[in-house]
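Printed here is structure_33.cif (mmCIF, C-alpha atoms and all ligand atoms):
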data_target
loop_
_atom_site.label_atom_id
_atom_site.label_comp_id
_atom_site.auth_asym_id
_atom_site.auth_seq_id
_atom_site.Cartn_x
_atom_site.Cartn_y
_atom_site.Cartn_z
CA MET A 194 55.13 99.15 194.46
CA THR A 195 53.54 101.14 191.64
CA MET A 196 53.55 104.89 191.87
CA ALA A 197 50.90 106.97 190.16
CA TYR A 198 53.19 108.47 187.50
CA GLU A 199 54.72 105.16 186.46
CA GLN A 200 53.52 103.18 183.45
CA PRO A 201 51.76 99.92 184.36
CA GLN A 202 53.37 98.02 181.48
CA VAL A 203 55.87 98.64 178.69
CA ARG A 204 56.29 96.63 175.48
CA VAL A 205 59.56 96.88 173.56
CA ARG A 206 60.41 95.34 170.19
CA ALA A 207 64.00 94.52 169.16
CA PRO A 208 65.23 93.01 165.89
CA GLY A 209 67.37 90.03 164.99
CA LYS A 210 70.43 90.65 162.81
CA ILE A 211 72.35 89.31 159.86
CA ASN A 212 76.09 89.86 159.55
CA VAL A 213 76.44 90.69 155.85
CA PHE A 214 80.22 90.81 156.32
CA LEU A 215 82.16 89.18 159.15
CA GLU A 216 85.94 89.08 159.20
CA ILE A 217 87.50 87.39 162.19
CA GLY A 218 91.03 88.21 163.29
CA GLU A 219 93.44 86.49 165.61
CA THR A 220 92.46 85.28 169.06
CA GLN A 221 93.27 87.88 171.71
CA PRO A 222 95.04 87.00 174.98
CA ASP A 223 91.64 87.07 176.75
CA GLY A 224 90.38 84.33 174.40
CA TYR A 225 88.09 86.59 172.39
CA HIS A 226 88.54 87.27 168.70
CA GLN A 227 88.92 90.68 167.25
CA LEU A 228 86.44 91.10 164.43
CA ALA A 229 85.00 93.52 161.92
CA THR A 230 81.41 93.14 160.85
CA ALA A 231 78.62 94.88 158.98
CA PHE A 232 75.36 94.27 160.82
CA GLN A 233 71.92 94.63 159.30
CA ALA A 234 68.87 94.53 161.59
CA VAL A 235 66.05 92.51 160.00
CA SER A 236 62.31 92.23 160.48
CA LEU A 237 62.28 89.17 162.73
CA TYR A 238 61.52 90.64 166.12
CA GLU A 239 61.56 89.80 169.80
CA ASP A 240 59.00 91.49 172.04
CA VAL A 241 59.63 92.02 175.73
CA VAL A 242 56.73 93.12 177.95
CA ALA A 243 57.78 94.50 181.33
CA THR A 244 55.34 94.81 184.25
CA HIS A 245 55.94 96.08 187.77
CA ALA A 246 56.78 93.45 190.37
CA ASP A 247 58.53 93.37 193.73
CA ASP A 248 60.88 90.62 192.59
CA PHE A 249 62.46 89.56 189.25
CA GLY A 250 60.50 87.05 187.15
CA LEU A 251 60.47 85.82 183.55
CA ALA A 252 58.30 83.86 181.13
CA VAL A 253 59.37 82.89 177.60
CA SER A 254 57.13 81.91 174.69
CA GLY A 255 57.01 82.55 170.94
CA SER A 256 56.69 81.21 167.42
CA VAL A 257 60.06 79.41 167.61
CA ASP A 258 61.10 76.46 169.77
CA VAL A 259 61.96 78.07 173.10
CA SER A 260 62.86 74.86 174.95
CA GLY A 261 66.59 75.75 174.86
CA VAL A 262 66.10 79.14 176.49
CA PRO A 263 67.05 79.36 180.17
CA VAL A 264 64.39 80.98 182.37
CA ASP A 265 66.66 81.45 185.38
CA ASP A 266 69.35 84.06 186.00
CA ARG A 267 71.29 82.90 182.91
CA ASN A 268 68.60 84.46 180.74
CA LEU A 269 69.99 87.55 179.07
CA ALA A 270 66.76 89.56 179.46
CA LEU A 271 66.71 88.92 183.19
CA ARG A 272 70.41 89.71 183.48
CA ALA A 273 69.78 92.98 181.66
CA ALA A 274 66.99 93.94 184.07
CA ARG A 275 69.11 93.09 187.12
CA LEU A 276 72.09 95.01 185.73
CA LEU A 277 70.01 98.15 185.14
CA ALA A 278 68.52 97.93 188.65
CA ALA A 279 71.99 97.50 190.20
CA GLU A 280 73.45 100.40 188.21
CA THR A 281 70.63 102.81 188.99
CA GLY A 282 69.90 101.72 192.54
CA TYR A 283 66.31 100.84 191.59
CA ALA A 284 64.94 98.90 194.54
CA GLY A 285 61.94 97.14 192.96
CA GLY A 286 61.76 94.28 190.49
CA VAL A 287 60.07 93.46 187.20
CA ARG A 288 58.12 90.69 185.50
CA LEU A 289 59.38 90.14 181.95
CA GLU A 290 57.45 88.33 179.26
CA VAL A 291 59.67 87.46 176.31
CA LEU A 292 57.97 86.65 173.00
CA LYS A 293 60.51 85.14 170.64
CA HIS A 294 60.39 85.05 166.84
CA VAL A 295 64.13 84.88 166.23
CA PRO A 296 65.37 81.27 166.11
CA VAL A 297 67.13 80.25 169.34
CA ALA A 298 70.89 79.68 168.96
CA GLY A 299 70.37 80.50 165.28
CA GLY A 300 73.18 83.01 164.71
CA MET A 301 70.75 85.93 164.52
CA GLY A 302 71.32 87.43 167.94
CA GLY A 303 67.93 86.62 169.49
CA GLY A 304 69.20 86.54 173.06
CA SER A 305 71.01 89.83 172.46
CA ALA A 306 67.77 91.36 171.15
CA ASP A 307 66.00 90.20 174.32
CA ALA A 308 68.68 91.85 176.46
CA ALA A 309 68.45 95.13 174.53
CA ALA A 310 64.65 95.08 174.70
CA ALA A 311 64.70 94.37 178.45
CA LEU A 312 67.08 97.30 179.07
CA VAL A 313 64.83 99.73 177.17
CA ALA A 314 61.63 98.31 178.71
CA CYS A 315 62.85 98.47 182.30
CA ASP A 316 64.34 101.93 181.80
CA ALA A 317 60.94 103.18 180.61
CA LEU A 318 58.91 101.23 183.18
CA TRP A 319 61.03 102.32 186.12
CA GLY A 320 61.55 105.88 184.90
CA THR A 321 65.30 105.52 185.42
CA ALA A 322 66.05 107.47 182.19
CA VAL A 323 69.72 106.51 181.99
CA GLY A 324 70.21 107.96 178.49
CA SER A 325 71.53 106.29 175.38
CA ALA A 326 75.29 106.47 176.11
CA ARG A 327 74.90 104.69 179.46
CA LEU A 328 72.44 102.19 177.99
CA HIS A 329 75.02 101.38 175.32
CA GLY A 330 77.66 100.78 178.00
CA LEU A 331 75.35 98.44 179.92
CA ALA A 332 74.46 96.65 176.68
CA ALA A 333 78.15 96.00 175.88
CA ARG A 334 78.61 94.44 179.33
CA LEU A 335 75.80 91.98 178.59
CA GLY A 336 77.19 90.73 175.25
CA ALA A 337 79.01 91.83 172.11
CA ASP A 338 75.85 91.88 169.95
CA VAL A 339 73.62 93.69 172.46
CA PRO A 340 74.66 97.28 171.54
CA PHE A 341 73.69 96.63 167.93
CA ALA A 342 70.26 95.26 168.90
CA LEU A 343 69.77 98.52 170.79
CA LYS A 344 70.74 100.67 167.79
CA GLY A 345 69.45 98.62 164.85
CA GLY A 346 69.61 99.80 161.24
CA THR A 347 72.96 99.16 159.61
CA ALA A 348 76.21 99.49 161.51
CA ILE A 349 79.84 98.52 161.47
CA GLY A 350 81.01 96.63 164.55
CA THR A 351 84.67 96.34 165.54
CA GLY A 352 86.47 95.14 168.65
CA ARG A 353 84.32 92.22 169.71
CA GLY A 354 81.52 93.65 167.57
CA ASP A 355 80.41 96.02 170.32
CA GLU A 356 82.26 99.12 169.12
CA LEU A 357 79.68 100.49 166.71
CA SER A 358 79.74 103.11 164.04
CA PRO A 359 76.57 103.72 162.06
CA ALA A 360 76.63 103.03 158.33
CA LEU A 361 74.43 104.73 155.78
CA ALA A 362 72.05 102.39 154.01
CA ARG A 363 69.45 103.21 151.44
CA GLY A 364 66.43 101.23 150.36
CA ARG A 365 65.47 97.77 151.43
CA PHE A 366 67.16 94.40 151.28
CA ASP A 367 64.94 91.30 151.04
CA TRP A 368 66.02 88.07 152.70
CA VAL A 369 64.77 84.50 152.89
CA LEU A 370 65.91 82.82 156.09
CA VAL A 371 66.14 79.05 156.35
CA VAL A 372 65.95 78.15 160.01
CA SER A 373 67.02 74.88 161.62
CA GLU A 374 65.35 73.00 164.43
CA GLU A 375 68.71 72.36 166.09
CA GLY A 376 70.78 75.40 167.07
CA LEU A 377 74.57 75.77 166.97
CA SER A 378 76.57 76.93 169.97
CA THR A 379 78.53 80.10 169.16
CA PRO A 380 81.56 79.06 171.30
CA GLU A 381 81.64 75.69 169.53
CA VAL A 382 81.69 77.33 166.12
CA TYR A 383 84.55 79.62 167.18
CA GLY A 384 86.35 76.55 168.56
CA ALA A 385 86.01 74.81 165.19
CA LEU A 386 87.38 77.93 163.45
CA ASP A 387 90.40 78.04 165.78
CA ARG A 388 91.17 74.35 165.25
CA HIS A 389 90.89 74.78 161.50
CA ARG A 390 93.22 77.80 161.55
CA ASP A 391 95.77 76.00 163.73
CA ARG A 392 95.84 73.04 161.34
CA HIS A 393 96.24 75.16 158.25
CA ARG A 394 98.41 77.87 159.74
CA LEU A 395 101.13 77.38 157.09
CA ASP A 396 98.70 77.31 154.18
CA ILE A 397 96.83 80.53 154.73
CA ALA A 398 97.96 84.07 154.19
CA PRO A 399 98.43 85.85 157.51
CA ALA A 400 95.22 87.58 158.57
CA ARG A 401 95.29 91.36 158.50
CA ALA A 402 96.57 92.69 161.82
CA VAL A 403 93.26 94.45 162.38
CA PRO A 404 90.16 93.12 160.62
CA ALA A 405 88.18 95.67 158.62
CA VAL A 406 84.99 95.84 156.59
CA ASP A 407 85.67 96.22 152.86
CA SER A 408 84.74 99.68 151.63
CA ALA A 409 82.92 98.03 148.69
CA VAL A 410 80.44 96.56 151.23
CA LEU A 411 79.76 100.04 152.59
CA HIS A 412 79.21 101.31 149.05
CA ALA A 413 76.71 98.54 148.24
CA LEU A 414 74.80 99.22 151.47
CA ARG A 415 74.81 102.95 150.81
CA ALA A 416 73.58 102.42 147.26
CA GLY A 417 70.82 100.01 148.35
CA ASP A 418 72.16 97.61 145.73
CA PRO A 419 71.41 93.95 146.58
CA ALA A 420 73.09 92.54 143.44
CA THR A 421 76.41 94.16 144.38
CA LEU A 422 76.06 93.31 148.07
CA ALA A 423 75.40 89.68 147.08
CA GLU A 424 78.86 89.49 145.48
CA LEU A 425 80.47 90.78 148.66
CA LEU A 426 78.75 88.75 151.40
CA ARG A 427 81.42 87.20 153.62
CA ASN A 428 81.36 85.22 156.84
CA ASP A 429 84.60 83.84 158.28
CA LEU A 430 82.56 81.53 160.54
CA GLN A 431 80.79 79.89 157.62
CA ALA A 432 83.34 77.12 156.95
CA ALA A 433 83.37 76.19 160.63
CA ALA A 434 79.55 76.15 160.78
CA LEU A 435 79.42 73.96 157.65
CA GLY A 436 81.97 71.61 159.22
CA LEU A 437 79.62 71.09 162.16
CA ARG A 438 76.49 71.03 159.99
CA PRO A 439 77.35 69.67 156.51
CA ASP A 440 73.66 69.69 155.50
CA LEU A 441 73.78 73.50 155.39
CA ALA A 442 75.97 73.32 152.26
CA GLU A 443 73.06 71.63 150.45
CA THR A 444 70.69 74.32 151.66
CA LEU A 445 73.07 77.01 150.33
CA GLU A 446 73.30 75.26 146.99
CA LEU A 447 69.55 74.81 146.72
CA GLY A 448 68.81 78.48 147.42
CA GLU A 449 71.52 79.75 145.09
CA SER A 450 70.27 77.55 142.25
CA SER A 451 66.65 78.59 142.92
CA GLY A 452 66.88 82.31 142.30
CA ALA A 453 68.75 83.76 145.29
CA LEU A 454 71.36 86.41 144.46
CA ALA A 455 73.57 84.74 147.08
CA GLY A 456 73.37 82.86 150.36
CA ILE A 457 75.36 83.07 153.55
CA VAL A 458 75.35 81.42 156.95
CA SER A 459 74.13 84.02 159.43
CA GLY A 460 76.72 84.70 162.16
CA SER A 461 77.60 81.41 163.85
CA GLY A 462 74.67 79.66 162.14
CA PRO A 463 72.82 77.48 161.53
CA THR A 464 70.36 79.97 159.98
CA VAL A 465 71.08 80.42 156.27
CA ALA A 466 70.22 83.84 154.83
CA PHE A 467 69.52 84.29 151.11
CA LEU A 468 69.55 87.74 149.56
CA ALA A 469 66.82 88.25 146.96
CA GLU A 470 66.55 90.77 144.16
CA SER A 471 63.11 92.06 145.19
CA PRO A 472 60.24 91.30 147.60
CA GLU A 473 58.59 89.24 144.83
CA ALA A 474 61.76 87.24 144.18
CA ALA A 475 61.96 86.54 147.93
CA VAL A 476 58.41 85.15 147.96
CA ASP A 477 59.20 82.94 144.93
CA LEU A 478 62.35 81.61 146.59
CA GLN A 479 60.52 80.98 149.86
CA THR A 480 57.92 78.94 147.97
CA VAL A 481 60.60 76.76 146.37
CA LEU A 482 62.42 76.18 149.67
CA VAL A 483 59.24 75.36 151.59
CA GLY A 484 58.33 72.98 148.75
CA GLN A 485 61.61 71.16 149.48
CA GLY A 486 60.59 70.72 153.10
CA LEU A 487 62.69 73.57 154.55
CA ASP A 488 61.48 76.08 157.14
CA ALA A 489 61.92 79.38 155.25
CA LEU A 490 60.88 82.81 156.52
CA LEU A 491 60.75 86.21 154.83
CA ALA A 492 62.48 89.22 156.35
CA HIS A 493 63.76 92.58 155.21
CA GLY A 494 66.25 95.09 156.48
CA PRO A 495 67.40 97.46 157.70
CA VAL A 496 64.85 98.03 160.49
CA PRO A 497 65.11 100.08 163.71
CA GLY A 498 66.66 98.89 166.97
CA ALA A 499 64.93 98.29 170.32
CA ARG A 500 61.98 100.67 170.70
CA VAL A 501 58.89 101.06 172.81
CA VAL A 502 55.80 99.89 170.90
CA GLY A 503 53.20 99.98 173.63
P1 LIG B 601 74.71 85.00 168.89
O1 LIG B 601 74.33 86.34 169.45
O2 LIG B 601 75.92 84.42 169.57
O3 LIG B 601 74.75 84.93 167.41
P2 LIG B 601 72.54 83.22 168.68
O4 LIG B 601 71.63 84.12 167.93
O5 LIG B 601 73.19 82.11 167.91
O6 LIG B 601 73.59 84.05 169.43
P3 LIG B 601 70.76 83.12 170.90
O7 LIG B 601 69.40 82.70 170.52
O8 LIG B 601 70.99 84.56 171.15
O9 LIG B 601 71.77 82.55 169.84
O10 LIG B 601 71.16 82.29 172.21
C1 LIG B 601 72.33 81.59 172.42
C2 LIG B 601 72.25 80.89 173.78
O11 LIG B 601 72.11 81.87 174.81
C3 LIG B 601 71.04 80.00 173.93
O12 LIG B 601 71.33 78.69 173.55
C4 LIG B 601 70.71 80.11 175.41
O13 LIG B 601 71.33 79.08 176.15
C5 LIG B 601 71.32 81.42 175.89
N1 LIG B 601 70.32 82.48 176.23
C6 LIG B 601 70.34 83.27 177.28
N2 LIG B 601 69.31 84.15 177.28
C7 LIG B 601 68.60 83.90 176.19
C8 LIG B 601 67.43 84.48 175.65
N3 LIG B 601 66.76 85.48 176.23
N4 LIG B 601 66.98 83.99 174.48
C9 LIG B 601 67.66 82.97 173.88
N5 LIG B 601 68.75 82.38 174.36
C10 LIG B 601 69.23 82.84 175.51
#
Would you encode the structure as structure tokens?
Ligand code: ATP
Amino acid sequence: MTMAYEQPQVRVRAPGKINVFLEIGETQPDGYHQLATAFQAVSLYEDVVATHADDFGLAVSGSVDVSGVPVDDRNLALRAARLLAAETGYAGGVRLEVLKHVPVAGGMGGGSADAAAALVACDALWGTAVGSARLHGLAARLGADVPFALKGGTAIGTGRGDELSPALARGRFDWVLVVSEEGLSTPEVYGALDRHRDRHRLDIAPARAVPAVDSAVLHALRAGDPATLAELLRNDLQAAALGLRPDLAETLELGESSGALAGIVSGSGPTVAFLAESPEAAVDLQTVLVGQGLDALLAHGPVPGARVVG
């Protein structure tokens, strides 16, 4: 039922992310890993359009292959809408249209962006006005990367990645993203990391008790200095992702020998993110990679988190 003061439709845009630093600690008794990460939101966006409905419904489309995205109650956007309704006692429903541009199962937090966008869209559509602290709490219940998609910009994530503190960042970082047709499952990549660590337990230095983001990374972000940041990029999931997808090592080598400052697997992969010196250098690198038959996209960061755009 639509009341006169309610908006007929709300469109919210939320960004994908790159973990420019990701240190993974020991497995916790609950099976999750403690981690420390520096997130940067980048200009690959998901749009969620919310319209009044009596029930809950969802449609998914976009510029990426969406065939792997569930459209039932497993969908994170739908779960976000249902959670907000349950928490606020909202009795109606919503129709969500999700327009995806972030590669599915690509290690860039596309599903998390959808969840964050759906929370903001439904909150505005329904007039529930829960406020940012409560929205953040709901976001954390939906997934570790959802609070960051809500906030955007640059932030440090600890705990499971959901305990956020903002980080200052100046300027603009230019990225070329090589996306894969086939996604990688995040739990599988963590499984590969655990197996690797068990096998080599005696060979590796004990991990720090509590993972932390190097202060040099914070300095490079604050200075807006891509050349320094390039030296400091770190992803503890990268070896595991390369174990499951050895072809990504060739992609990394190709980008790094074709003008990138550095390359890194994004989160759990398989997206490979190359940091470029300038917007022009990013375009040049994209041209080379596309010429080699790769699917390479331009993006820059940091950009804002989930926000109403219409
Ligand atoms: P992560 O946040 O773990 O890095 P990712 O970016 O690698 O995730 P996503 O695209 O967020 O991957 O999706 C991972 C899985 O989540 C998909 O394979 C899909 O089964 C499920 N999923 C649930 N809801 C969505 C959604 N709205 N969009 C995409 N995937 C979804």
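Minimum atom-to-atom distance to Leu430 (chain A), evaluated using only C-alpha atoms, belongs to A:Gly218 out of A:Gly330, A:Gly218, A:Pro201, A:Gly352.
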Review point. Of the residues A:Leu361, A:Leu318, A:Ala326, A:Val372, which is the one nearest to ligand LIG 601 (chain B), using all atoms listed in the file?
Key: A:Val372
All residues having an atom within 7 Å of ligand LIG 601 (chain B) (only C-alpha atoms and all ligand atoms) as a CSV table (one decimal) with C-alpha atoms, in the frame of the given file:
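Dumped everything to part.csv:
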chain,number,residue,atom,x,y,z
A,261,GLY,CA,66.6,75.8,174.9
A,262,VAL,CA,66.1,79.1,176.5
A,263,PRO,CA,67.0,79.4,180.2
A,267,ARG,CA,71.3,82.9,182.9
A,268,ASN,CA,68.6,84.5,180.7
A,269,LEU,CA,70.0,87.6,179.1
A,270,ALA,CA,66.8,89.6,179.5
A,296,PRO,CA,65.4,81.3,166.1
A,297,VAL,CA,67.1,80.2,169.3
A,298,ALA,CA,70.9,79.7,169.0
A,299,GLY,CA,70.4,80.5,165.3
A,300,GLY,CA,73.2,83.0,164.7
A,301,MET,CA,70.8,85.9,164.5
A,302,GLY,CA,71.3,87.4,167.9
A,303,GLY,CA,67.9,86.6,169.5
A,304,GLY,CA,69.2,86.5,173.1
A,305,SER,CA,71.0,89.8,172.5
A,307,ASP,CA,66.0,90.2,174.3
A,308,ALA,CA,68.7,91.8,176.5
A,338,ASP,CA,75.8,91.9,170.0
A,377,LEU,CA,74.6,75.8,167.0
A,378,SER,CA,76.6,76.9,170.0
A,379,THR,CA,78.5,80.1,169.2
A,460,GLY,CA,76.7,84.7,162.2
A,461,SER,CA,77.6,81.4,163.8
A,462,GLY,CA,74.7,79.7,162.1
Once you add 6 Å to each side, what are the centre and edge lengths of the axis-aligned box holding all listed atoms of region 215-218 of chain A? One decimal in Å, as lines of an AutoDock Vina configuration file, if you can.
center_x = 86.6
center_y = 88.3
center_z = 161.2
size_x = 20.9
size_y = 13.8
size_z = 16.1
Practice item. Kindly give the distance, in Å, that separates CA of Leu414 (chain A) and CA of Leu447 (chain A), rounded to a single decimal. Key: 25.4 Å
Exercise for review: Figure out the distance between CA of Pro208 (chain A) and CA of Gly282 (chain A), please, to one decimal in Å.
Suggested key: 28.4 Å
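One distance worth recording is that between CA of Ser256 (chain A) and CA of Val295 (chain A), which is 8.4 Å.
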Once you've located region 435-466 of chain A in the structure I gave, write it as a compact mmCIF listing (two decimals), in the first residue's frame, keeping N, CA and C atoms.
# COMPACT_ATOMS: atom_id res chain seq x y z
N LEU A 435 45.84 -18.14 -6.35
CA LEU A 435 46.68 -18.56 -7.48
C LEU A 435 46.79 -20.08 -7.55
N GLY A 436 46.75 -20.73 -6.38
CA GLY A 436 46.76 -22.19 -6.36
C GLY A 436 45.55 -22.77 -7.07
N LEU A 437 44.40 -22.12 -6.88
CA LEU A 437 43.16 -22.59 -7.51
C LEU A 437 43.06 -22.13 -8.96
N ARG A 438 43.71 -21.01 -9.26
CA ARG A 438 43.64 -20.45 -10.62
C ARG A 438 45.04 -20.04 -11.08
N PRO A 439 45.86 -21.03 -11.47
CA PRO A 439 47.26 -20.71 -11.84
C PRO A 439 47.37 -19.70 -12.98
N ASP A 440 46.37 -19.61 -13.84
CA ASP A 440 46.44 -18.66 -14.96
C ASP A 440 46.53 -17.21 -14.49
N LEU A 441 46.09 -16.95 -13.25
CA LEU A 441 46.12 -15.56 -12.76
C LEU A 441 47.56 -15.07 -12.57
N ALA A 442 48.49 -15.99 -12.36
CA ALA A 442 49.90 -15.60 -12.20
C ALA A 442 50.40 -14.98 -13.50
N GLU A 443 49.97 -15.57 -14.63
CA GLU A 443 50.36 -15.01 -15.94
C GLU A 443 49.76 -13.62 -16.14
N THR A 444 48.51 -13.47 -15.72
CA THR A 444 47.87 -12.16 -15.84
C THR A 444 48.65 -11.13 -15.03
N LEU A 445 49.03 -11.51 -13.79
CA LEU A 445 49.79 -10.58 -12.94
C LEU A 445 51.11 -10.19 -13.60
N GLU A 446 51.78 -11.19 -14.17
CA GLU A 446 53.06 -10.92 -14.82
C GLU A 446 52.89 -10.02 -16.03
N LEU A 447 51.86 -10.29 -16.80
CA LEU A 447 51.62 -9.50 -18.02
C LEU A 447 51.37 -8.02 -17.65
N GLY A 448 50.52 -7.78 -16.68
CA GLY A 448 50.21 -6.41 -16.29
C GLY A 448 51.43 -5.69 -15.74
N GLU A 449 52.19 -6.42 -14.90
CA GLU A 449 53.34 -5.78 -14.25
C GLU A 449 54.46 -5.50 -15.25
N SER A 450 54.50 -6.28 -16.35
CA SER A 450 55.54 -6.00 -17.36
C SER A 450 55.00 -5.08 -18.45
N SER A 451 53.74 -4.60 -18.28
CA SER A 451 53.14 -3.74 -19.31
C SER A 451 52.81 -2.36 -18.77
N GLY A 452 53.48 -1.95 -17.69
CA GLY A 452 53.33 -0.58 -17.23
C GLY A 452 52.61 -0.40 -15.92
N ALA A 453 52.05 -1.47 -15.34
CA ALA A 453 51.39 -1.31 -14.04
C ALA A 453 52.44 -1.03 -12.97
N LEU A 454 52.09 -0.22 -11.96
CA LEU A 454 53.00 -0.04 -10.82
C LEU A 454 53.11 -1.35 -10.05
N ALA A 455 51.97 -2.04 -9.91
CA ALA A 455 51.92 -3.34 -9.25
C ALA A 455 50.56 -3.96 -9.49
N GLY A 456 50.47 -5.26 -9.28
CA GLY A 456 49.18 -5.95 -9.41
C GLY A 456 48.92 -6.77 -8.17
N ILE A 457 47.65 -7.02 -7.92
CA ILE A 457 47.27 -7.82 -6.75
C ILE A 457 45.95 -8.51 -7.05
N VAL A 458 45.79 -9.73 -6.52
CA VAL A 458 44.48 -10.37 -6.60
C VAL A 458 43.56 -9.61 -5.65
N SER A 459 42.35 -9.32 -6.10
CA SER A 459 41.42 -8.56 -5.27
C SER A 459 40.68 -9.51 -4.32
N GLY A 460 40.82 -9.32 -3.03
CA GLY A 460 40.13 -10.16 -2.04
C GLY A 460 40.39 -11.63 -2.32
N SER A 461 39.31 -12.41 -2.44
CA SER A 461 39.46 -13.85 -2.68
C SER A 461 39.58 -14.16 -4.17
N GLY A 462 39.66 -13.13 -5.02
CA GLY A 462 39.83 -13.33 -6.45
C GLY A 462 38.55 -13.81 -7.12
N PRO A 463 38.61 -14.05 -8.42
CA PRO A 463 39.78 -14.06 -9.28
C PRO A 463 40.08 -12.72 -9.97
N THR A 464 39.37 -11.63 -9.63
CA THR A 464 39.70 -10.35 -10.25
C THR A 464 41.13 -9.95 -9.88
N VAL A 465 41.88 -9.50 -10.88
CA VAL A 465 43.23 -9.00 -10.63
C VAL A 465 43.20 -7.49 -10.80
N ALA A 466 43.71 -6.76 -9.80
CA ALA A 466 43.68 -5.30 -9.82
C ALA A 466 45.10 -4.77 -10.02
